[in-house]
>>> print(open('upload_17.csv').read())   # CSV, C-alpha atoms
chain,number,residue,atom,x,y,z
A,20,MET,CA,5.4,7.9,9.1
A,21,PRO,CA,6.2,4.7,11.1
A,22,GLN,CA,3.2,5.3,13.4
A,23,ASN,CA,1.0,4.7,10.3
A,24,TYR,CA,2.1,1.1,10.5
A,25,VAL,CA,1.1,0.5,14.1
A,26,PRO,CA,-2.5,-0.4,13.3
A,27,ILE,CA,-1.2,-2.9,10.7
A,28,PHE,CA,1.0,-4.6,13.2
A,29,ILE,CA,-1.8,-4.6,15.8
A,30,PHE,CA,-4.0,-6.2,13.1
A,31,LEU,CA,-1.3,-8.8,12.3
A,32,LEU,CA,-0.8,-9.6,16.0
A,33,ILE,CA,-4.5,-10.0,16.7
A,34,ALA,CA,-4.9,-12.2,13.6
A,35,PHE,CA,-1.9,-14.4,14.7
A,36,LEU,CA,-3.3,-14.6,18.3
A,37,ILE,CA,-6.8,-15.6,17.1
A,38,GLY,CA,-5.4,-18.3,14.8
A,39,ALA,CA,-2.9,-19.7,17.3
A,40,GLY,CA,-5.3,-19.3,20.2
A,41,THR,CA,-8.2,-21.3,18.6
A,42,VAL,CA,-5.8,-24.1,17.7
A,43,LEU,CA,-4.3,-24.2,21.1
A,44,VAL,CA,-7.6,-24.0,23.0
A,45,ALA,CA,-9.1,-26.7,20.8
A,46,SER,CA,-6.2,-29.0,21.3
A,47,LEU,CA,-6.5,-28.5,25.1
A,48,ILE,CA,-10.2,-29.2,25.5
A,49,ARG,CA,-11.1,-31.7,22.8
A,50,PRO,CA,-11.3,-35.4,23.5
A,51,ASN,CA,-8.7,-37.3,21.7
A,52,ASN,CA,-9.5,-40.9,20.7
A,53,PRO,CA,-8.8,-41.3,16.9
A,54,ASP,CA,-9.5,-44.5,15.0
A,55,LYS,CA,-9.0,-45.5,11.4
A,56,VAL,CA,-12.3,-44.3,10.1
A,57,LYS,CA,-12.1,-41.0,11.9
A,58,LEU,CA,-8.7,-40.3,10.4
A,59,MET,CA,-9.8,-41.0,6.9
A,60,PRO,CA,-10.0,-37.9,4.5
A,61,TYR,CA,-13.6,-36.7,4.3
A,62,GLU,CA,-15.1,-36.8,0.8
A,63,CYS,CA,-18.8,-36.1,1.1
A,64,GLY,CA,-19.3,-39.4,2.9
A,65,ILE,CA,-17.9,-41.6,0.1
A,66,ASP,CA,-14.9,-43.6,0.9
A,67,PRO,CA,-11.9,-41.9,-0.8
A,68,VAL,CA,-10.5,-43.8,-3.7
A,69,ASP,CA,-7.2,-43.3,-5.4
A,70,SER,CA,-4.4,-40.9,-4.4
A,71,ALA,CA,-5.2,-37.2,-3.8
A,72,ARG,CA,-2.0,-36.3,-5.6
A,73,LYS,CA,-3.4,-36.5,-9.0
A,74,ARG,CA,-2.3,-34.2,-11.9
A,75,TYR,CA,-4.4,-31.2,-12.4
A,76,THR,CA,-5.5,-29.9,-15.8
A,77,VAL,CA,-3.4,-27.2,-17.4
A,78,ARG,CA,-6.3,-24.8,-17.6
A,79,PHE,CA,-5.7,-23.8,-14.1
A,80,TYR,CA,-2.3,-22.6,-15.2
A,81,ILE,CA,-3.9,-20.4,-17.9
A,82,VAL,CA,-6.3,-18.8,-15.4
A,83,ALA,CA,-3.3,-18.2,-13.1
A,84,ILE,CA,-1.4,-16.5,-16.0
A,85,LEU,CA,-4.4,-14.2,-16.5
A,86,PHE,CA,-4.4,-13.4,-12.8
A,87,VAL,CA,-0.7,-12.5,-13.0
A,88,VAL,CA,-1.3,-10.2,-15.9
A,89,PHE,CA,-4.0,-8.2,-14.2
A,90,ASP,CA,-2.0,-8.2,-11.0
A,91,VAL,CA,0.9,-6.5,-12.7
A,92,GLU,CA,-1.5,-4.1,-14.3
A,93,THR,CA,-3.0,-3.2,-10.9
A,94,VAL,CA,0.5,-2.4,-9.5
A,95,PHE,CA,1.1,0.1,-12.3
A,96,LEU,CA,-2.5,1.5,-11.9
A,97,PHE,CA,-1.9,2.4,-8.3
A,98,PRO,CA,0.7,5.1,-8.6
A,99,TRP,CA,-1.1,6.4,-11.6
A,100,ALA,CA,-4.4,6.8,-9.6
A,101,VAL,CA,-2.5,8.6,-6.8
A,102,GLN,CA,-1.0,11.0,-9.3
A,103,PHE,CA,-4.0,11.3,-11.5
A,104,LYS,CA,-4.8,15.0,-11.0
A,105,LEU,CA,-1.2,16.1,-11.5
A,106,LEU,CA,-0.7,14.0,-14.7
A,107,GLY,CA,-3.8,15.4,-16.4
A,108,LEU,CA,-4.9,14.3,-19.9
A,109,PHE,CA,-1.4,13.1,-20.9
A,110,GLY,CA,-1.3,10.7,-18.0
A,111,PHE,CA,-4.8,9.4,-18.9
A,112,VAL,CA,-3.7,8.7,-22.5
A,113,GLU,CA,-0.5,7.0,-21.3
A,114,MET,CA,-2.4,4.7,-19.1
A,115,MET,CA,-5.1,3.9,-21.7
A,116,VAL,CA,-2.3,2.9,-24.2
A,117,PHE,CA,-0.9,0.6,-21.4
A,118,LEU,CA,-4.3,-0.9,-20.7
A,119,GLY,CA,-5.1,-1.2,-24.4
A,120,ILE,CA,-2.0,-3.3,-25.1
A,121,LEU,CA,-2.8,-5.6,-22.2
A,122,ILE,CA,-6.4,-5.9,-23.3
A,123,VAL,CA,-5.3,-7.0,-26.7
A,124,GLY,CA,-3.7,-10.0,-24.9
A,125,TYR,CA,-6.9,-10.7,-23.0
A,126,ILE,CA,-9.0,-10.6,-26.2
A,127,TRP,CA,-6.5,-12.9,-27.9
A,128,ILE,CA,-6.7,-15.4,-25.1
A,129,TRP,CA,-10.5,-15.2,-25.2
A,130,LYS,CA,-10.6,-15.7,-29.0
A,131,LYS,CA,-8.1,-18.5,-28.8
A,132,GLY,CA,-10.6,-20.4,-26.6
A,133,ALA,CA,-8.2,-20.8,-23.7
A,134,LEU,CA,-10.9,-19.7,-21.3
A,135,GLU,CA,-13.4,-22.4,-22.5
A,136,TRP,CA,-13.7,-25.0,-19.7
A,137,ILE,CA,-14.6,-28.2,-21.4
B,25,MET,CA,17.9,0.3,18.5
B,26,LEU,CA,14.5,-0.8,17.2
B,27,GLU,CA,15.6,-0.8,13.6
B,28,THR,CA,18.7,-2.9,14.5
B,29,VAL,CA,16.5,-5.5,16.2
B,30,LEU,CA,14.0,-5.5,13.3
B,31,PHE,CA,16.7,-5.7,10.7
B,32,LEU,CA,18.4,-8.6,12.4
B,33,ILE,CA,15.2,-10.5,12.8
B,34,PHE,CA,14.0,-10.1,9.2
B,35,ALA,CA,17.4,-10.5,7.6
B,36,ALA,CA,17.8,-13.7,9.5
B,37,ILE,CA,14.4,-15.0,8.4
B,38,CYS,CA,15.2,-14.0,4.9
B,39,VAL,CA,18.5,-15.8,4.6
B,40,GLY,CA,17.3,-18.7,6.7
B,41,GLY,CA,14.3,-19.2,4.3
B,42,ALA,CA,16.6,-19.0,1.3
B,43,ILE,CA,18.8,-21.8,2.8
B,44,ASN,CA,15.8,-23.8,3.7
B,45,LEU,CA,14.6,-23.5,0.1
B,46,LEU,CA,17.7,-25.4,-1.0
B,47,ALA,CA,17.6,-27.9,1.9
B,48,GLN,CA,14.1,-29.1,1.3
B,49,LYS,CA,13.5,-32.1,-0.9
B,50,HIS,CA,10.0,-31.6,-2.0
B,51,PRO,CA,9.3,-28.6,-4.3
B,52,ILE,CA,6.2,-27.6,-2.4
B,53,SER,CA,8.3,-27.1,0.8
B,54,SER,CA,10.7,-25.0,-1.2
B,55,ALA,CA,7.8,-22.9,-2.6
B,56,LEU,CA,6.5,-22.2,0.9
B,57,SER,CA,10.0,-21.2,2.2
B,58,LEU,CA,10.3,-18.9,-0.9
B,59,ILE,CA,7.1,-17.2,0.2
B,60,VAL,CA,8.7,-16.7,3.7
B,61,VAL,CA,11.7,-15.1,1.9
B,62,MET,CA,9.4,-12.8,-0.1
B,63,GLY,CA,7.4,-11.7,3.0
B,64,SER,CA,10.5,-10.9,5.1
B,65,LEU,CA,12.1,-9.1,2.1
B,66,ALA,CA,9.0,-6.9,2.0
B,67,MET,CA,9.6,-6.1,5.7
B,68,VAL,CA,13.3,-5.3,4.9
B,69,TYR,CA,12.1,-2.9,2.1
B,70,LEU,CA,9.8,-1.2,4.6
B,71,LEU,CA,12.8,-0.8,7.0
B,72,LEU,CA,14.6,0.8,4.1
B,73,GLY,CA,11.7,3.2,3.6
B,74,ALA,CA,10.5,1.8,0.3
B,75,GLU,CA,6.8,1.6,1.0
B,76,PHE,CA,5.6,1.1,-2.5
B,77,VAL,CA,8.2,-1.5,-3.4
B,78,ALA,CA,7.3,-3.5,-0.3
B,79,ALA,CA,3.6,-3.5,-1.3
B,80,VAL,CA,4.5,-4.5,-4.9
B,81,GLN,CA,6.7,-7.3,-3.5
B,82,ILE,CA,3.8,-8.7,-1.5
B,83,ILE,CA,1.3,-8.2,-4.4
B,84,ILE,CA,3.3,-9.6,-7.3
B,85,TYR,CA,5.9,-11.9,-5.8
B,86,ALA,CA,4.1,-13.4,-2.8
B,87,GLY,CA,0.7,-13.1,-4.6
B,88,ALA,CA,1.1,-13.8,-8.3
B,89,ILE,CA,4.4,-15.4,-9.0
B,90,MET,CA,4.2,-17.9,-6.1
B,91,VAL,CA,0.6,-18.8,-7.2
B,92,LEU,CA,2.2,-19.7,-10.6
B,93,PHE,CA,4.8,-21.8,-8.9
B,94,VAL,CA,2.4,-23.6,-6.7
B,95,PHE,CA,0.0,-24.3,-9.6
B,96,VAL,CA,2.8,-25.7,-11.7
B,97,ILE,CA,4.0,-27.9,-8.8
B,98,MET,CA,0.4,-29.2,-8.4
B,99,LEU,CA,0.0,-29.5,-12.2
B,100,LEU,CA,3.1,-31.6,-12.7
B,101,ASN,CA,3.1,-33.3,-9.3
B,102,ALA,CA,6.6,-34.6,-10.1
B,103,GLY,CA,7.3,-35.6,-6.5
B,104,GLU,CA,10.8,-35.6,-5.0
B,105,GLU,CA,13.7,-35.0,-7.3
B,106,GLU,CA,15.9,-37.9,-8.0
B,107,ARG,CA,19.5,-37.4,-7.0
B,108,SER,CA,22.4,-39.3,-8.6
B,109,ALA,CA,24.0,-41.7,-6.1
B,110,THR,CA,27.5,-40.2,-6.5
B,111,GLY,CA,28.0,-36.5,-6.7
B,112,SER,CA,30.1,-35.2,-9.6
B,113,ARG,CA,33.8,-35.0,-8.6
B,114,VAL,CA,34.4,-32.1,-10.9
B,115,ALA,CA,31.7,-30.2,-9.1
B,116,MET,CA,33.3,-30.9,-5.7
B,117,VAL,CA,36.8,-30.0,-6.9
B,118,LEU,CA,35.8,-26.8,-8.7
B,119,GLY,CA,32.6,-25.9,-6.9
B,120,VAL,CA,33.7,-25.6,-3.3
B,121,PRO,CA,36.8,-23.4,-3.9
B,122,GLY,CA,34.8,-21.4,-6.5
B,123,LEU,CA,32.1,-20.7,-3.9
B,124,LEU,CA,34.6,-19.8,-1.3
B,125,ALA,CA,36.3,-17.5,-3.7
B,126,ALA,CA,33.0,-15.9,-4.6
B,127,ALA,CA,32.1,-15.3,-1.0
B,128,VAL,CA,35.6,-13.9,-0.1
B,129,THR,CA,35.5,-11.6,-3.2
B,130,THR,CA,32.0,-10.4,-2.3
B,131,GLY,CA,33.1,-9.7,1.3
B,132,TRP,CA,36.3,-7.9,0.2
B,133,VAL,CA,34.4,-5.7,-2.3
B,134,LEU,CA,31.8,-4.9,0.2
B,135,THR,CA,34.2,-4.0,3.0
B,136,ARG,CA,36.8,-2.2,0.9
B,137,HIS,CA,34.8,-0.5,-1.9
B,138,GLY,CA,31.4,-0.4,-0.1
B,139,PRO,CA,29.2,2.6,-0.4
B,140,ALA,CA,29.3,5.5,2.0
B,141,SER,CA,27.7,3.8,5.0
B,142,THR,CA,25.1,6.2,6.1
B,143,PRO,CA,23.0,4.8,8.9
B,144,VAL,CA,19.5,3.7,7.9
B,145,VAL,CA,17.0,5.4,10.2
B,146,LEU,CA,13.6,3.8,10.8
B,147,GLY,CA,10.6,5.8,9.6
B,148,GLU,CA,12.2,7.8,6.8
B,149,PHE,CA,9.9,6.8,4.1
B,150,HIS,CA,10.7,8.3,0.7
B,151,GLY,CA,9.4,5.7,-1.6
B,152,SER,CA,5.7,6.4,-1.4
B,153,ALA,CA,3.3,5.7,-4.3
B,154,HIS,CA,3.1,9.4,-4.9
B,155,ALA,CA,6.9,9.9,-5.5
B,156,ILE,CA,7.2,6.6,-7.5
B,157,GLY,CA,4.2,7.7,-9.7
B,158,ARG,CA,5.8,11.1,-10.4
B,159,LEU,CA,9.0,9.4,-11.6
B,160,LEU,CA,7.3,6.5,-13.4
B,161,PHE,CA,5.0,8.6,-15.5
B,162,HIS,CA,7.5,11.3,-16.4
B,163,GLU,CA,11.1,10.0,-16.7
B,164,PHE,CA,10.3,6.3,-17.1
B,165,LEU,CA,7.5,6.7,-19.6
B,166,LEU,CA,8.9,4.6,-22.4
B,167,PRO,CA,10.0,1.7,-20.2
B,168,PHE,CA,6.6,1.7,-18.6
B,169,GLU,CA,4.8,1.4,-22.0
B,170,VAL,CA,7.4,-1.2,-23.2
B,171,THR,CA,6.6,-3.3,-20.0
B,172,SER,CA,3.0,-3.7,-21.3
B,173,VAL,CA,4.3,-5.1,-24.6
B,174,LEU,CA,6.6,-7.4,-22.6
B,175,ILE,CA,3.8,-8.7,-20.5
B,176,LEU,CA,1.6,-9.1,-23.6
B,177,VAL,CA,4.3,-11.2,-25.3
B,178,ALA,CA,4.7,-13.2,-22.1
B,179,ILE,CA,1.1,-14.2,-21.7
B,180,MET,CA,0.8,-15.1,-25.4
B,181,GLY,CA,3.9,-17.2,-25.2
B,182,ALA,CA,2.9,-18.9,-22.0
B,183,VAL,CA,-0.6,-19.7,-23.3
B,184,VAL,CA,0.8,-21.1,-26.5
B,185,LEU,CA,3.4,-23.2,-24.7
B,186,ALA,CA,1.0,-24.5,-22.1
B,187,ARG,CA,-1.7,-25.5,-24.6
B,188,ARG,CA,0.6,-27.1,-27.1
B,189,GLY,CA,-0.3,-30.7,-27.7
B,190,GLU,CA,-3.4,-30.6,-25.6
C,25,MET,CA,24.3,-2.2,19.5
C,26,ALA,CA,25.9,-1.2,16.2
C,27,GLU,CA,24.1,1.0,13.8
C,28,ILE,CA,22.5,-0.6,10.7
C,29,THR,CA,23.9,1.0,7.6
C,30,THR,CA,23.4,0.5,3.9
C,31,LEU,CA,26.3,-2.0,4.0
C,32,HIS,CA,24.3,-4.4,6.2
C,33,TYR,CA,21.6,-4.6,3.6
C,34,LEU,CA,24.1,-5.2,0.9
C,35,VAL,CA,25.5,-8.1,2.9
C,36,VAL,CA,22.0,-9.6,3.1
C,37,ALA,CA,21.6,-9.2,-0.7
C,38,ALA,CA,25.0,-10.9,-1.3
C,39,ALA,CA,23.9,-13.8,0.9
C,40,LEU,CA,20.7,-14.2,-1.0
C,41,PHE,CA,22.5,-14.0,-4.3
C,42,LEU,CA,25.1,-16.6,-3.3
C,43,THR,CA,22.3,-18.9,-2.0
C,44,GLY,CA,20.5,-18.5,-5.4
C,45,VAL,CA,23.6,-19.3,-7.3
C,46,ILE,CA,24.3,-22.4,-5.2
C,47,GLY,CA,20.7,-23.5,-5.9
C,48,VAL,CA,21.0,-23.0,-9.6
C,49,LEU,CA,24.3,-25.0,-9.7
C,50,THR,CA,23.5,-27.9,-7.3
C,51,ARG,CA,19.8,-28.7,-7.6
C,52,ARG,CA,18.4,-30.9,-10.3
C,53,ASN,CA,14.7,-30.1,-10.1
C,54,VAL,CA,13.9,-27.4,-12.7
C,55,ILE,CA,11.2,-25.9,-10.5
C,56,ILE,CA,13.7,-25.3,-7.7
C,57,ILE,CA,16.2,-23.9,-10.1
C,58,LEU,CA,13.6,-21.4,-11.2
C,59,MET,CA,12.9,-20.5,-7.6
C,60,SER,CA,16.7,-19.9,-7.1
C,61,ILE,CA,16.6,-17.6,-10.1
C,62,GLU,CA,13.8,-15.7,-8.3
C,63,LEU,CA,16.1,-15.5,-5.3
C,64,ILE,CA,18.8,-13.9,-7.4
C,65,LEU,CA,16.4,-11.4,-8.8
C,66,ASN,CA,15.3,-10.5,-5.3
C,67,ALA,CA,18.9,-10.0,-4.3
C,68,VAL,CA,19.3,-7.5,-7.1
C,69,ASN,CA,16.1,-5.8,-6.0
C,70,LEU,CA,17.4,-5.4,-2.5
C,71,ASN,CA,20.6,-3.9,-3.8
C,72,LEU,CA,18.7,-1.4,-6.0
C,73,VAL,CA,16.4,-0.4,-3.1
C,74,ALA,CA,19.3,-0.1,-0.7
C,75,PHE,CA,21.3,2.1,-3.1
C,76,SER,CA,18.2,4.2,-3.9
C,77,ARG,CA,18.4,5.3,-0.3
C,78,LEU,CA,21.8,6.8,-0.9
C,79,TYR,CA,21.1,8.5,-4.3
C,80,ASN,CA,17.6,8.9,-5.6
C,81,LEU,CA,14.4,7.1,-6.2
C,82,HIS,CA,15.4,5.7,-9.6
C,83,GLY,CA,16.5,2.4,-7.9
C,84,GLN,CA,13.0,1.8,-6.5
C,85,VAL,CA,11.4,2.3,-10.0
C,86,PHE,CA,14.0,-0.1,-11.4
C,87,ALA,CA,13.0,-2.6,-8.7
C,88,ILE,CA,9.4,-2.3,-9.7
C,89,PHE,CA,10.2,-2.9,-13.3
C,90,ILE,CA,12.3,-5.9,-12.3
C,91,ILE,CA,9.4,-7.4,-10.3
C,92,ALA,CA,7.1,-6.9,-13.3
C,93,ASP,CA,9.6,-8.6,-15.6
C,94,ALA,CA,10.1,-11.4,-13.1
C,95,ALA,CA,6.3,-12.1,-13.4
C,96,ALA,CA,6.7,-12.3,-17.2
C,97,GLU,CA,9.8,-14.5,-16.9
C,98,ALA,CA,8.1,-16.9,-14.4
C,99,ALA,CA,5.1,-17.3,-16.7
C,100,ILE,CA,7.2,-18.1,-19.7
C,101,ALA,CA,9.6,-20.4,-17.9
C,102,LEU,CA,6.9,-22.4,-16.3
C,103,GLY,CA,5.1,-22.6,-19.6
C,104,ILE,CA,8.2,-24.0,-21.2
C,105,LEU,CA,8.5,-26.4,-18.2
C,106,ILE,CA,4.9,-27.6,-18.8
C,107,ALA,CA,5.6,-28.1,-22.5
C,108,PHE,CA,8.7,-30.0,-21.7
C,109,PHE,CA,7.0,-32.2,-19.1
C,110,ARG,CA,4.4,-33.3,-21.7
C,111,ASN,CA,7.2,-34.7,-23.8
C,112,LYS,CA,9.5,-36.3,-21.3
C,113,GLU,CA,7.5,-36.8,-18.1
C,114,THR,CA,10.2,-35.4,-15.9
C,115,VAL,CA,11.4,-32.2,-14.2
C,116,ASN,CA,15.0,-33.4,-13.8
C,117,MET,CA,17.5,-30.9,-15.2
C,118,ASP,CA,19.8,-33.7,-16.4
C,119,GLU,CA,17.2,-34.9,-18.8
C,120,VAL,CA,17.0,-31.5,-20.5
C,121,ASP,CA,19.5,-32.3,-23.2
C,122,LEU,CA,17.6,-31.8,-26.5
C,123,LEU,CA,17.3,-28.6,-28.4
C,124,LYS,CA,14.4,-29.9,-30.5
C,125,TRP,CA,11.9,-32.7,-29.9
>>> encode(input="upload_17.csv", output="structure tokens")
Amino acid sequence: MPQNYVPIFIFLLIAFLIGAGTVLVASLIRPNNPDKVKLMPYECGIDPVDSARKRYTVRFYIVAILFVVFDVETVFLFPWAVQFKLLGLFGFVEMMVFLGILIVGYIWIWKKGALEWI
Amino acid sequence: MLETVLFLIFAAICVGGAINLLAQKHPISSALSLIVVMGSLAMVYLLLGAEFVAAVQIIIYAGAIMVLFVFVIMLLNAGEEERSATGSRVAMVLGVPGLLAAAVTTGWVLTRHGPASTPVVLGEFHGSAHAIGRLLFHEFLLPFEVTSVLILVAIMGAVVLARRGE
Amino acid sequence: MAEITTLHYLVVAAALFLTGVIGVLTRRNVIIILMSIELILNAVNLNLVAFSRLYNLHGQVFAIFIIADAAAEAAIALGILIAFFRNKETVNMDEVDLLKW
């Protein structure tokens, strides 16, 4: 039903209006006299040293991979959950096999120490 | 009427984002325009009536895959790509006609041997999670289970590759 | 205004596909080449979903499998890129000329 999407679009519209509106109103009413110190990036009061474009550690990438895995898992869980009653025990076993294989990967990453943050 | 306007808007955003992806110099700008392409493609899927595919497109493509890309761009921070001063002449001689030939062939195939063009009516959703689930857990059972093995291999490979030499 | 048919969606998919191919062929940054491959996969998905409207839902299920596989592909490809970057400190495609380091 297309009318089911009307609340979503109203929501998107309001979100956009609030975001754009605050930026617009703030730019209209704020005083505008920047100087060098004010334009400096804020780092808890300490003067920033070095470039902000430093390389990050690769551990972030491993966490992102874990996120991708469980994201894909969620996508397959969703139609299964909707169909759960019709599928019965067979569907339950199916999904447990799927989850089991993915959890093997999770345990492997854990045992490998990739999640240790040193 | 409404579907024509919506289709034109989102198809234009989609193709424009794809062209912008190639035009941008810095990878992070390209990643952002790829997110625009993914989002507008999800809207195009909705216009086609594929609700669940649209949701999956947002969740996996715009959510997960783009996070990977942005993380890797931040991780490597390789800056702008270096271009060679002179373009390859072979590429110019073969590439431009090849591209034109590809475009003309595609257009010819689409207009001559295109599918039965039934109009796409807005609001005919037949790709709900319910219908997809019925198909996925009955007819596509084996591919579904094999997908989990594929993802398992993918995470193991990615972790081994990323941690090598650390 | 003209009616929108399946053909129009196929034209959008063809445009995305060609853009992706141009990206793979012309850019030198490996990350942008990978993004162009994602564009190509998306064009295929759009084709599958558009055709599933004419026939049955199988195309949409295929599209979901392709999206899941694209996640696996992106994870592996970016992992290879990280491993490569460790050795050569570049993401330039022209420098990728060794089978073994």
>>> residues_near_point(input="upload_17.csv", point="(18.3, 5.9, 13.7)", cutoff="8 Å", atoms="only C-alpha atoms", output="list in words")
Met25, Glu27, Pro143, Val144, Val145 and Leu146 of chain B; Glu27 of chain C
>>> interface_residues(input="upload_17.csv", of="chain B", to="chain C", cutoff="6 Å", atoms="only C-alpha atoms", output="list in words")
Thr28, Ile89, Glu105, Ser141, Thr142, Pro143, Val144, Ile175, Ala178, Ala182, Leu185 and Ala186 of chain B
>>> closest_atom_pairs(input="upload_17.csv", of="chain A", to="chain C", cutoff="8 Å", atoms="all atoms listed in the file", output="JSON lines")
{"residue": "A:Ile84", "atom": "CA", "partner": "C:Ala99", "partner_atom": "CA", "distance": 6.6}
{"residue": "A:Val87", "atom": "CA", "partner": "C:Ala95", "partner_atom": "CA", "distance": 7.0}
{"residue": "A:Val91", "atom": "CA", "partner": "C:Ala92", "partner_atom": "CA", "distance": 6.2}
>>> write_last_selection(input="upload_17.csv", atoms="C-alpha atoms", output="PDB file, keeping the file's coordinate frame")
ATOM      1  CA  ILE A  84      -1.400 -16.500 -16.000  1.00  0.00           C
ATOM      2  CA  VAL A  87      -0.700 -12.500 -13.000  1.00  0.00           C
ATOM      3  CA  VAL A  91       0.900  -6.500 -12.700  1.00  0.00           C
TER       4      VAL A  91
END
>>> closest_atom_pairs(input="upload_17.csv", of="chain A", to="chain B", cutoff="10 Å", atoms="all atoms listed in the file", output="Markdown table")
| residue | atom | partner | partner_atom | distance |
| --- | --- | --- | --- | --- |
| A:Met20 | CA | B:Gly147 | CA | 5.6 |
| A:Pro21 | CA | B:Gly147 | CA | 4.8 |
| A:Gln22 | CA | B:Gly147 | CA | 8.3 |
| A:Asn23 | CA | B:Gly147 | CA | 9.7 |
| A:Tyr24 | CA | B:Gly147 | CA | 9.8 |
| A:Arg72 | CA | B:Asn101 | CA | 7.0 |
| A:Lys73 | CA | B:Asn101 | CA | 7.3 |
| A:Arg74 | CA | B:Leu99 | CA | 5.2 |
| A:Tyr75 | CA | B:Leu99 | CA | 4.7 |
| A:Thr76 | CA | B:Leu99 | CA | 6.6 |
| A:Val77 | CA | B:Leu99 | CA | 6.6 |
| A:Arg78 | CA | B:Arg187 | CA | 8.4 |
| A:Phe79 | CA | B:Phe95 | CA | 7.3 |
| A:Tyr80 | CA | B:Phe95 | CA | 6.3 |
| A:Ile81 | CA | B:Val183 | CA | 6.4 |
| A:Val82 | CA | B:Val183 | CA | 9.8 |
| A:Ala83 | CA | B:Leu92 | CA | 6.2 |
| A:Ile84 | CA | B:Ile179 | CA | 6.6 |
| A:Leu85 | CA | B:Ile179 | CA | 7.6 |
| A:Phe86 | CA | B:Ala88 | CA | 7.1 |
| A:Val87 | CA | B:Ala88 | CA | 5.2 |
| A:Val88 | CA | B:Ile175 | CA | 7.0 |
| A:Phe89 | CA | B:Ala88 | CA | 9.6 |
| A:Asp90 | CA | B:Ile84 | CA | 6.6 |
| A:Val91 | CA | B:Ile84 | CA | 6.7 |
| A:Glu92 | CA | B:Ser172 | CA | 8.3 |
| A:Thr93 | CA | B:Ile83 | CA | 9.3 |
| A:Val94 | CA | B:Val80 | CA | 6.4 |
| A:Phe95 | CA | B:Phe168 | CA | 8.5 |
| A:Leu96 | CA | B:Gly157 | CA | 9.4 |
| A:Phe97 | CA | B:Ala153 | CA | 7.3 |
| A:Pro98 | CA | B:Gly157 | CA | 4.5 |
| A:Trp99 | CA | B:Gly157 | CA | 5.8 |
| A:Ala100 | CA | B:Gly157 | CA | 8.6 |
| A:Val101 | CA | B:His154 | CA | 6.0 |
| A:Gln102 | CA | B:Gly157 | CA | 6.2 |
| A:Phe103 | CA | B:Gly157 | CA | 9.1 |
| A:Leu105 | CA | B:Arg158 | CA | 8.7 |
| A:Leu106 | CA | B:Phe161 | CA | 7.9 |
| A:Phe109 | CA | B:Phe161 | CA | 9.5 |
| A:Gly110 | CA | B:Phe161 | CA | 7.1 |
| A:Glu113 | CA | B:Glu169 | CA | 7.7 |
| A:Met114 | CA | B:Glu169 | CA | 8.4 |
| A:Val116 | CA | B:Glu169 | CA | 7.6 |
| A:Phe117 | CA | B:Glu169 | CA | 5.8 |
| A:Leu118 | CA | B:Ser172 | CA | 7.8 |
| A:Gly119 | CA | B:Ser172 | CA | 9.0 |
| A:Ile120 | CA | B:Ser172 | CA | 6.3 |
| A:Leu121 | CA | B:Leu176 | CA | 5.8 |
| A:Ile122 | CA | B:Leu176 | CA | 8.6 |
| A:Val123 | CA | B:Leu176 | CA | 7.9 |
| A:Gly124 | CA | B:Leu176 | CA | 5.5 |
| A:Tyr125 | CA | B:Leu176 | CA | 8.7 |
| A:Trp127 | CA | B:Met180 | CA | 8.0 |
| A:Ile128 | CA | B:Met180 | CA | 7.5 |
| A:Lys131 | CA | B:Val183 | CA | 9.4 |
| A:Ala133 | CA | B:Val183 | CA | 7.7 |
>>> atom_distance(input="upload_17.csv", atom1="atom CA of Tyr69 of chain B", atom2="atom CA of Gly83 of chain C")
12.1 Å
>>> atom_distance(input="upload_17.csv", atom1="atom CA of Val44 of chain A", atom2="atom CA of Ile27 of chain A")
25.2 Å
>>> atom_distance(input="upload_17.csv", atom1="atom CA of Ser57 of chain B", atom2="atom CA of Asn44 of chain B")
6.5 Å
